[in-house]
>>> print(open('query.csv').read())   # CSV, C-alpha atoms
chain,number,residue,atom,x,y,z
A,1010,MET,CA,42.2,79.4,65.5
A,1011,LEU,CA,38.8,79.4,63.8
A,1012,MET,CA,36.8,78.6,66.9
A,1013,GLN,CA,38.1,78.5,70.5
A,1014,GLU,CA,37.1,76.3,73.3
A,1015,GLY,CA,35.2,78.3,75.9
A,1016,GLU,CA,34.2,81.2,73.6
A,1017,ARG,CA,30.5,82.0,72.9
A,1018,ALA,CA,29.1,79.8,70.1
A,1019,ASP,CA,27.4,82.3,67.9
A,1020,HIS,CA,28.1,81.0,64.4
A,1021,VAL,CA,28.7,77.8,62.4
A,1022,ILE,CA,31.0,77.2,59.4
A,1023,VAL,CA,30.9,75.1,56.3
A,1024,ILE,CA,34.3,74.2,55.1
A,1025,LEU,CA,34.7,75.0,51.3
A,1026,GLY,CA,38.4,74.3,51.1
A,1027,GLY,CA,41.3,73.2,53.3
A,1028,ARG,CA,41.5,71.1,56.5
A,1029,THR,CA,40.9,71.7,60.2
A,1030,LYS,CA,41.5,69.8,63.4
A,1031,ILE,CA,39.1,69.6,66.4
A,1032,CYS,CA,40.9,69.6,69.7
A,1033,VAL,CA,40.5,70.2,73.4
A,1034,SER,CA,42.8,71.3,76.1
A,1035,LYS,CA,43.3,69.3,79.3
A,1036,ASN,CA,45.9,70.0,82.0
A,1037,GLY,CA,47.7,72.4,79.6
A,1038,ARG,CA,48.0,69.8,76.8
A,1039,GLU,CA,46.2,69.6,73.5
A,1040,ARG,CA,44.3,66.5,72.5
A,1041,ILE,CA,43.1,66.1,68.9
A,1042,LEU,CA,39.6,64.6,68.6
A,1043,ALA,CA,39.0,64.7,64.8
A,1044,GLU,CA,39.8,66.4,61.5
A,1045,ARG,CA,37.2,68.2,59.3
A,1046,GLY,CA,37.6,69.0,55.7
A,1047,VAL,CA,35.8,70.1,52.5
A,1048,GLY,CA,32.0,70.1,52.7
A,1049,GLN,CA,31.8,69.5,56.4
A,1050,LEU,CA,29.7,71.5,58.9
A,1051,VAL,CA,31.5,72.6,62.1
A,1052,GLY,CA,30.3,74.2,65.3
A,1053,GLU,CA,26.5,73.6,64.8
A,1054,ARG,CA,25.8,72.0,68.2
A,1055,GLY,CA,27.3,74.6,70.5
A,1056,ALA,CA,25.8,77.4,68.3
A,1057,LEU,CA,22.3,76.1,68.4
A,1058,GLN,CA,22.3,75.5,72.1
A,1059,ILE,CA,23.5,79.1,72.8
A,1060,SER,CA,26.4,77.8,74.8
A,1061,VAL,CA,30.2,78.1,74.8
A,1062,ARG,CA,32.4,76.0,72.5
A,1063,SER,CA,33.3,72.6,73.9
A,1064,ALA,CA,36.3,72.3,71.6
A,1065,SER,CA,38.6,74.3,69.4
A,1066,VAL,CA,38.7,74.3,65.6
A,1067,ILE,CA,42.2,75.1,64.2
A,1068,ALA,CA,43.2,75.4,60.6
A,1069,LEU,CA,45.8,72.9,59.4
A,1070,GLU,CA,46.3,74.8,56.2
A,1071,MET,CA,44.6,77.7,54.3
A,1072,VAL,CA,40.9,77.3,54.8
A,1073,TRP,CA,38.0,78.7,52.9
A,1074,ALA,CA,34.7,78.7,54.7
A,1075,LEU,CA,31.1,79.9,54.6
A,1076,VAL,CA,30.3,81.5,58.0
A,1077,VAL,CA,26.7,81.4,59.1
A,1078,GLN,CA,25.3,83.2,62.1
A,1079,THR,CA,23.4,81.1,64.6
A,1080,LYS,CA,20.0,82.7,64.0
A,1081,ASP,CA,20.3,82.2,60.2
A,1082,PHE,CA,21.4,78.6,60.5
A,1083,ALA,CA,18.5,77.9,63.0
A,1084,ALA,CA,16.0,79.6,60.6
A,1085,PHE,CA,17.3,77.5,57.7
A,1086,ILE,CA,16.9,74.1,59.3
A,1087,SER,CA,13.6,75.1,60.8
A,1088,ALA,CA,12.3,76.0,57.4
A,1089,HIS,CA,13.7,72.8,55.9
A,1090,PRO,CA,13.1,70.1,58.5
A,1091,ARG,CA,14.5,67.4,56.3
A,1092,VAL,CA,17.9,69.1,56.5
A,1093,LEU,CA,17.9,68.6,60.2
A,1094,ALA,CA,17.7,64.8,59.6
A,1095,ILE,CA,20.8,65.0,57.5
A,1096,VAL,CA,22.6,67.1,60.1
A,1097,GLN,CA,21.6,64.5,62.7
A,1098,GLU,CA,23.0,61.7,60.6
A,1099,GLN,CA,26.3,63.5,60.5
A,1100,CYS,CA,26.2,63.9,64.2
A,1101,ASP,CA,25.6,60.2,64.7
A,1102,ASP,CA,28.5,59.4,62.5
A,1103,ARG,CA,30.7,61.7,64.5
A,1104,ARG,CA,29.8,60.0,67.8
A,1105,THR,CA,31.9,57.1,66.7
A,1106,GLU,CA,35.0,59.3,66.5
A,1107,GLU,CA,34.9,60.4,70.2
A,1108,PRO,CA,37.6,58.7,72.3
A,1109,THR,CA,36.0,56.2,74.7
A,1110,GLY,CA,35.6,57.6,78.2
A,1111,TYR,CA,36.6,61.1,77.1
A,1112,GLY,CA,34.4,63.7,78.8
A,1113,TYR,CA,34.1,66.4,76.2
A,1114,ASP,CA,31.2,67.1,73.8
A,1115,ILE,CA,32.8,67.3,70.3
A,1116,GLU,CA,31.4,70.2,68.4
A,1117,GLY,CA,28.7,68.8,66.1
A,1118,ALA,CA,28.5,65.5,67.9
A,1119,GLY,CA,25.2,64.9,69.6
A,1120,SER,CA,21.7,66.1,69.4
A,1121,VAL,CA,20.6,69.4,67.9
A,1122,SER,CA,18.0,71.5,69.7
A,1123,VAL,CA,16.2,74.0,67.5
A,1124,ARG,CA,15.0,77.4,68.8
A,1125,SER,CA,13.5,80.5,67.3
A,1126,SER,CA,15.9,82.3,65.1
A,1127,SER,CA,14.7,85.6,66.4
A,1128,THR,CA,15.8,84.7,69.9
A,1129,THR,CA,19.2,85.9,71.2
A,1130,ALA,CA,20.8,85.9,74.6
A,1131,THR,CA,19.1,89.3,75.4
A,1132,ASP,CA,15.7,88.5,73.9
A,1133,PRO,CA,12.6,87.6,75.9
A,1134,PRO,CA,12.7,84.2,77.7
A,1135,ALA,CA,12.6,81.1,75.5
A,1136,ARG,CA,12.7,77.4,76.0
A,1137,ARG,CA,16.4,76.6,75.8
A,1138,ARG,CA,16.6,73.3,77.5
A,1139,PRO,CA,18.7,70.9,75.4
A,1140,ALA,CA,16.5,68.1,74.0
A,1141,GLU,CA,17.1,64.5,75.1
A,1142,HIS,CA,16.1,63.3,71.7
A,1143,SER,CA,16.6,64.6,68.2
A,1144,PRO,CA,14.3,63.6,65.4
A,1145,LYS,CA,15.5,61.2,62.7
A,1146,ARG,CA,13.8,59.7,59.7
A,1147,LEU,CA,11.4,56.9,60.5
A,1148,GLN,CA,12.2,53.4,59.3
A,1149,PRO,CA,9.8,52.6,56.4
A,1150,LEU,CA,6.3,51.9,57.6
A,1151,THR,CA,4.1,49.2,56.1
A,1152,GLY,CA,0.8,49.8,57.8
A,1153,GLU,CA,1.9,49.8,61.5
A,1154,ASN,CA,-0.5,51.6,63.9
A,1155,CYS,CA,1.2,54.9,64.6
A,1156,THR,CA,0.2,57.9,66.7
A,1157,VAL,CA,-0.4,60.9,64.4
A,1158,PHE,CA,-0.9,64.5,65.4
A,1159,LEU,CA,-1.4,67.5,63.2
A,1160,THR,CA,-0.9,71.1,64.3
A,1161,ASP,CA,-2.6,74.0,62.5
A,1162,VAL,CA,-2.0,77.7,63.2
A,1163,VAL,CA,-5.2,79.8,63.3
A,1164,ALA,CA,-5.1,82.7,60.8
A,1165,PHE,CA,-1.6,81.9,59.6
A,1166,GLY,CA,-2.2,83.8,56.3
A,1167,ALA,CA,-3.8,86.8,58.0
A,1168,ARG,CA,-3.0,90.1,56.1
A,1169,THR,CA,-1.7,91.7,59.3
A,1170,ARG,CA,1.1,89.2,59.5
A,1171,ASN,CA,4.2,89.7,57.3
A,1172,ASP,CA,6.7,87.1,56.1
A,1173,GLN,CA,8.9,87.7,59.2
A,1174,ASP,CA,6.0,87.0,61.5
A,1175,ARG,CA,5.3,83.8,59.7
A,1176,ARG,CA,8.9,82.7,59.8
A,1177,ILE,CA,8.9,83.3,63.6
A,1178,ILE,CA,5.7,81.3,63.9
A,1179,ARG,CA,7.0,78.4,61.8
A,1180,GLU,CA,10.3,78.2,63.7
A,1181,ALA,CA,8.5,78.4,67.1
A,1182,LEU,CA,6.1,75.6,66.0
A,1183,PHE,CA,8.9,73.4,65.0
A,1184,SER,CA,10.7,74.1,68.3
A,1185,MET,CA,7.5,73.4,70.3
A,1186,THR,CA,7.0,70.1,68.6
A,1187,HIS,CA,10.5,69.2,69.4
A,1188,ALA,CA,9.9,70.1,73.1
A,1189,VAL,CA,6.7,68.0,73.2
A,1190,LEU,CA,8.6,64.9,72.1
A,1191,GLN,CA,11.8,65.4,74.0
A,1192,GLY,CA,12.6,62.4,76.2
A,1193,ILE,CA,10.7,60.0,74.0
A,1194,PRO,CA,13.3,57.4,73.2
A,1195,ASP,CA,12.5,56.5,69.6
A,1196,VAL,CA,12.6,58.0,66.2
A,1197,TRP,CA,9.8,60.2,64.9
A,1198,SER,CA,9.1,62.0,61.7
A,1199,TRP,CA,7.2,65.0,60.5
A,1200,ASP,CA,5.8,66.6,57.3
A,1201,ASP,CA,5.8,70.4,56.8
A,1202,ARG,CA,2.3,71.6,56.0
A,1203,GLY,CA,3.2,75.3,55.8
A,1204,ASP,CA,0.9,76.5,58.5
A,1205,GLY,CA,1.4,73.4,60.6
A,1206,LEU,CA,3.3,70.1,61.1
A,1207,LEU,CA,2.1,66.5,60.7
A,1208,THR,CA,4.0,64.3,63.1
A,1209,VAL,CA,4.1,60.5,63.0
A,1210,ILE,CA,5.3,58.5,66.0
A,1211,PRO,CA,5.9,54.8,65.6
A,1212,PRO,CA,4.0,52.1,67.5
A,1213,SER,CA,6.9,51.4,69.8
A,1214,VAL,CA,5.9,54.6,71.7
A,1215,PRO,CA,2.7,54.4,73.7
A,1216,THR,CA,0.0,56.9,72.6
A,1217,ALA,CA,-0.7,57.7,76.2
A,1218,ARG,CA,2.9,58.9,76.6
A,1219,VAL,CA,2.6,61.2,73.6
A,1220,ILE,CA,-0.6,62.7,74.9
A,1221,GLU,CA,0.9,63.2,78.3
A,1222,HIS,CA,3.9,65.0,76.8
A,1223,LEU,CA,1.6,67.2,74.7
A,1224,HIS,CA,-0.5,68.2,77.7
A,1225,ARG,CA,2.5,69.0,79.8
A,1226,GLU,CA,4.8,70.8,77.3
A,1227,LEU,CA,2.6,72.5,74.6
A,1228,PRO,CA,0.4,74.9,76.7
A,1229,ALA,CA,3.4,76.3,78.6
A,1230,ALA,CA,5.5,76.6,75.4
A,1231,LEU,CA,2.6,78.5,73.7
A,1232,ASP,CA,2.1,80.9,76.6
A,1233,GLU,CA,5.8,81.6,76.8
A,1234,HIS,CA,6.0,82.4,73.0
A,1235,ASN,CA,2.9,84.6,73.1
A,1236,ARG,CA,4.2,86.6,76.1
A,1237,ALA,CA,7.5,87.2,74.3
A,1238,TYR,CA,6.2,88.3,70.9
A,1239,HIS,CA,4.1,91.1,69.4
A,1240,ASP,CA,0.4,90.5,68.3
A,1241,SER,CA,1.1,89.5,64.7
A,1242,ALA,CA,3.6,86.8,65.7
A,1243,ARG,CA,1.5,85.3,68.4
A,1244,ILE,CA,0.1,81.8,67.9
A,1245,LYS,CA,-3.4,80.3,68.4
A,1246,LEU,CA,-3.1,76.6,67.7
A,1247,ARG,CA,-5.4,73.7,66.8
A,1248,VAL,CA,-4.1,70.2,67.4
A,1249,ALA,CA,-5.7,66.9,66.2
A,1250,ILE,CA,-4.5,63.5,67.3
A,1251,ASN,CA,-5.4,60.0,66.1
A,1252,VAL,CA,-4.0,56.5,65.9
A,1253,GLY,CA,-4.0,54.2,62.9
A,1254,PRO,CA,-2.1,52.4,60.2
A,1255,VAL,CA,0.5,54.5,58.4
A,1256,ALA,CA,2.5,53.5,55.3
A,1257,SER,CA,5.6,55.1,53.8
A,1258,ASP,CA,5.8,56.0,50.1
A,1259,SER,CA,8.1,58.1,47.8
A,1260,MET,CA,6.4,61.3,49.0
A,1261,GLY,CA,6.5,60.6,52.7
A,1262,VAL,CA,3.7,58.9,54.7
A,1263,SER,CA,0.0,58.2,54.0
A,1264,GLY,CA,-3.0,56.4,55.4
A,1265,GLU,CA,-6.6,56.8,56.4
A,1266,ALA,CA,-5.4,57.7,59.9
A,1267,ILE,CA,-3.7,60.8,58.5
A,1268,ILE,CA,-6.8,61.7,56.5
A,1269,VAL,CA,-9.0,61.4,59.6
A,1270,THR,CA,-6.6,63.6,61.6
A,1271,ALA,CA,-6.7,66.3,59.0
A,1272,ARG,CA,-10.5,66.2,59.1
A,1273,LEU,CA,-10.6,66.5,62.9
A,1274,VAL,CA,-8.5,69.7,62.9
A,1275,GLU,CA,-10.9,71.2,60.3
A,1276,SER,CA,-14.1,70.5,62.4
A,1277,GLN,CA,-16.2,73.7,62.3
A,1278,LEU,CA,-17.5,73.3,65.8
A,1279,PHE,CA,-13.9,72.8,67.1
A,1280,LYS,CA,-12.8,76.0,65.2
A,1281,LYS,CA,-15.7,78.0,66.5
A,1282,ALA,CA,-15.1,76.9,70.1
A,1283,ILE,CA,-11.5,78.1,69.9
A,1284,ASP,CA,-12.4,81.4,68.2
A,1285,THR,CA,-15.2,82.3,70.7
A,1286,SER,CA,-13.3,81.3,73.8
A,1287,GLY,CA,-10.1,83.2,72.8
A,1288,VAL,CA,-7.8,80.4,74.1
A,1289,SER,CA,-4.4,79.8,72.6
A,1290,LEU,CA,-4.7,76.0,72.3
A,1291,GLY,CA,-7.3,73.5,71.5
A,1292,VAL,CA,-6.8,69.7,71.2
A,1293,ILE,CA,-9.2,67.4,69.4
A,1294,ALA,CA,-8.9,63.6,69.7
A,1295,SER,CA,-10.5,60.7,67.8
A,1296,THR,CA,-13.1,58.7,69.7
A,1297,PHE,CA,-10.7,55.7,69.7
A,1298,ILE,CA,-8.0,57.7,71.6
A,1299,TYR,CA,-10.5,59.2,74.0
A,1300,GLU,CA,-12.1,55.8,74.9
A,1301,ASN,CA,-8.8,53.9,75.1
A,1302,VAL,CA,-6.4,56.5,76.5
A,1303,ILE,CA,-7.8,59.9,77.7
A,1304,ARG,CA,-10.8,58.8,79.8
A,1305,HIS,CA,-8.5,56.5,81.8
A,1306,HIS,CA,-6.2,59.2,83.0
A,1307,ARG,CA,-7.4,61.9,85.5
A,1308,ASP,CA,-4.5,64.2,84.4
A,1309,LEU,CA,-6.1,64.3,80.9
A,1310,ALA,CA,-9.6,65.3,82.1
A,1311,GLY,CA,-11.6,68.1,80.6
A,1312,TYR,CA,-12.6,66.8,77.2
A,1313,SER,CA,-16.1,67.2,75.8
A,1314,GLN,CA,-17.7,65.5,72.8
A,1315,VAL,CA,-18.0,67.3,69.5
A,1316,GLN,CA,-19.4,66.3,66.1
A,1317,VAL,CA,-17.1,66.5,63.2
A,1318,ASP,CA,-18.7,67.0,59.8
A,1319,VAL,CA,-16.1,67.6,57.1
A,1320,LYS,CA,-16.5,66.8,53.4
A,1321,GLU,CA,-18.2,63.4,53.1
A,1322,SER,CA,-17.4,62.2,56.6
A,1323,SER,CA,-19.3,62.6,59.8
A,1324,THR,CA,-17.9,61.3,63.1
A,1325,ALA,CA,-17.7,62.1,66.8
A,1326,ALA,CA,-14.6,63.3,68.5
A,1327,TRP,CA,-13.5,64.8,71.8
A,1328,MET,CA,-12.0,68.2,72.4
A,1329,LYS,CA,-10.3,70.2,75.1
A,1330,LEU,CA,-9.6,74.0,75.3
A,1331,PHE,CA,-6.5,75.1,77.3
A,1332,GLY,CA,-6.0,78.3,79.3
A,1333,GLY,CA,-4.1,81.3,78.0
A,1334,THR,CA,-5.9,83.7,75.7
A,1335,VAL,CA,-4.7,85.3,72.5
A,1336,SER,CA,-6.4,87.1,69.7
A,1337,PRO,CA,-4.5,86.5,66.5
A,1338,PRO,CA,-4.9,89.0,63.6
A,1339,GLY,CA,-7.9,88.7,61.5
A,1340,ASP,CA,-7.8,87.8,57.8
>>> encode(input="query.csv", output="structure tokens")
Amino acid sequence: MLMQEGERADHVIVILGGRTKICVSKNGRERILAERGVGQLVGERGALQISVRSASVIALEMVWALVVQTKDFAAFISAHPRVLAIVQEQCDDRRTEEPTGYGYDIEGAGSVSVRSSSTTATDPPARRRPAEHSPKRLQPLTGENCTVFLTDVVAFGARTRNDQDRRIIREALFSMTHAVLQGIPDVWSWDDRGDGLLTVIPPSVPTARVIEHLHRELPAALDEHNRAYHDSARIKLRVAINVGPVASDSMGVSGEAIIVTARLVESQLFKKAIDTSGVSLGVIASTFIYENVIRHHRDLAGYSQVQVDVKESSTAAWMKLFGGTVSPPGD
């Protein structure tokens, strides 16, 4: 018995040799759901959701395995978001193995919800709701109008932060982005920018829905994180959002819409407004988004116009500062 149904899920394993069976117990009888062998990951779903095992893993012969604690596994896939897409593909493949109408969640079959690797069952409160949607790779884009948003952590490289602080911040930002987009029934993709994430959402998802999710989820997630962690691991966040054509290439995604989004987040007036107010979150939106989405929804009120002069470009945009103050460490 390598993992037992009903026990706390605090680790995952990678099988390096040998075979195992995945089974559940019902009415005192064992039912085999699947077999797992060399190179396969077992137990990742229950472990990441801080739950109990929904199935047992039993060795069929001598097994050699790499055992990874939950927090280390979460840290790894948070630091390497593309790995999560690979894990998700494996989960999708495993869904087809589940017997029709059978009411158990097979370990490793289903969505993966990422949380901060520093959080344990006894740590300060964290957002632990399972996500309704897990990110996958986008289908290749050929200039479709996508919603693009870019997050940027203020003073990410401050000298008073250490590598552990930055790892906590990166993992939290990844988890927050996941929380913002949960429940959106389509694929989405991101690009790790070190001190932030570039997220691209396909045209099948209305921009208004993305902005509504962002307004509802992100401020609360930031406040919760900043209450739970010490000063050097707290987050003050800038977010820029835009819409425009995006194309896929060998390096990821590109397009003028992404360039404009990057310039919005670098607006000096936007940066100064966040710094002087002390708030933990500021959102800046392109004029197109403001005129076509934000100003038509009362729940999205509170934006003010700001001039953006970055490099060779000069344009108008609209920004909003959210409640909750935090003073990140200085450089």
>>> residues_around(input="query.csv", residues="Pro1149 of chain A", least_positions_apart="3", cutoff="10 Å", atoms="all atoms listed in the file", output="number ranges by chain")
A: 1146, 1152-1153, 1255-1258, 1261-1262
>>> closest_residue(input="query.csv", among="A:Glu1039, A:Glu1300, A:Asp1081, A:Glu1070", to="Val1021 of chain A", atoms="all atoms listed in the file")
A:Asp1081
>>> atom_distance(input="query.csv", atom1="atom CA of Ile1298 of chain A", atom2="atom CA of Leu1150 of chain A")
20.8 Å
>>> closest_atom_pairs(input="query.csv", of="segment 1142-1237 of chain A", to="segment 1281-1288 of chain A", cutoff="12 Å", atoms="all atoms listed in the file", output="CSV")
residue,atom,partner,partner_atom,distance
A:Val1162,CA,A:Ile1283,CA,11.6
A:Val1163,CA,A:Asp1284,CA,8.9
A:Ala1164,CA,A:Asp1284,CA,10.5
A:Pro1228,CA,A:Val1288,CA,10.2
A:Leu1231,CA,A:Val1288,CA,10.6
A:Asp1232,CA,A:Val1288,CA,10.2
A:Asn1235,CA,A:Val1288,CA,11.5
>>> atom_distance(input="query.csv", atom1="atom CA of Ile1220 of chain A", atom2="atom CA of Tyr1238 of chain A")
26.8 Å
>>> residues_around(input="query.csv", residues="Ala1229 of chain A", least_positions_apart="3", cutoff="12 Å", atoms="all atoms listed in the file", output="list in words")
Ala1135, Arg1136, Met1185, Ala1188, Val1189, His1222, Leu1223, His1224, Arg1225, Glu1226, Asp1232, Glu1233, His1234, Asn1235, Arg1236, Ser1289, Leu1290, Phe1331, Gly1332 and Gly1333 of chain A
>>> write_last_selection(input="query.csv", atoms="C-alpha atoms", output="short mmCIF file (atom, residue, chain, number, x, y, z; two decimals), keeping the file's coordinate frame")
data_model
loop_
_atom_site.label_atom_id
_atom_site.label_comp_id
_atom_site.auth_asym_id
_atom_site.auth_seq_id
_atom_site.Cartn_x
_atom_site.Cartn_y
_atom_site.Cartn_z
CA ALA A 1135 12.60 81.10 75.50
CA ARG A 1136 12.70 77.40 76.00
CA MET A 1185 7.50 73.40 70.30
CA ALA A 1188 9.90 70.10 73.10
CA VAL A 1189 6.70 68.00 73.20
CA HIS A 1222 3.90 65.00 76.80
CA LEU A 1223 1.60 67.20 74.70
CA HIS A 1224 -0.50 68.20 77.70
CA ARG A 1225 2.50 69.00 79.80
CA GLU A 1226 4.80 70.80 77.30
CA ASP A 1232 2.10 80.90 76.60
CA GLU A 1233 5.80 81.60 76.80
CA HIS A 1234 6.00 82.40 73.00
CA ASN A 1235 2.90 84.60 73.10
CA ARG A 1236 4.20 86.60 76.10
CA SER A 1289 -4.40 79.80 72.60
CA LEU A 1290 -4.70 76.00 72.30
CA PHE A 1331 -6.50 75.10 77.30
CA GLY A 1332 -6.00 78.30 79.30
CA GLY A 1333 -4.10 81.30 78.00
#
>>> closest_residue(input="query.csv", among="A:Gln1314, A:Asn1036, A:Thr1216, A:Gln1173", to="Leu1190 of chain A", atoms="only C-alpha atoms")
A:Thr1216
>>> residues_around(input="query.csv", residues="Leu1206 of chain A", least_positions_apart="3", cutoff="9 Å", atoms="all atoms listed in the file", output="list of chain:residue names")
A:Phe1158, A:Leu1159, A:Thr1160, A:Asp1161, A:Leu1182, A:Phe1183, A:Thr1186, A:Trp1199, A:Asp1200, A:Asp1201, A:Arg1202, A:Gly1203
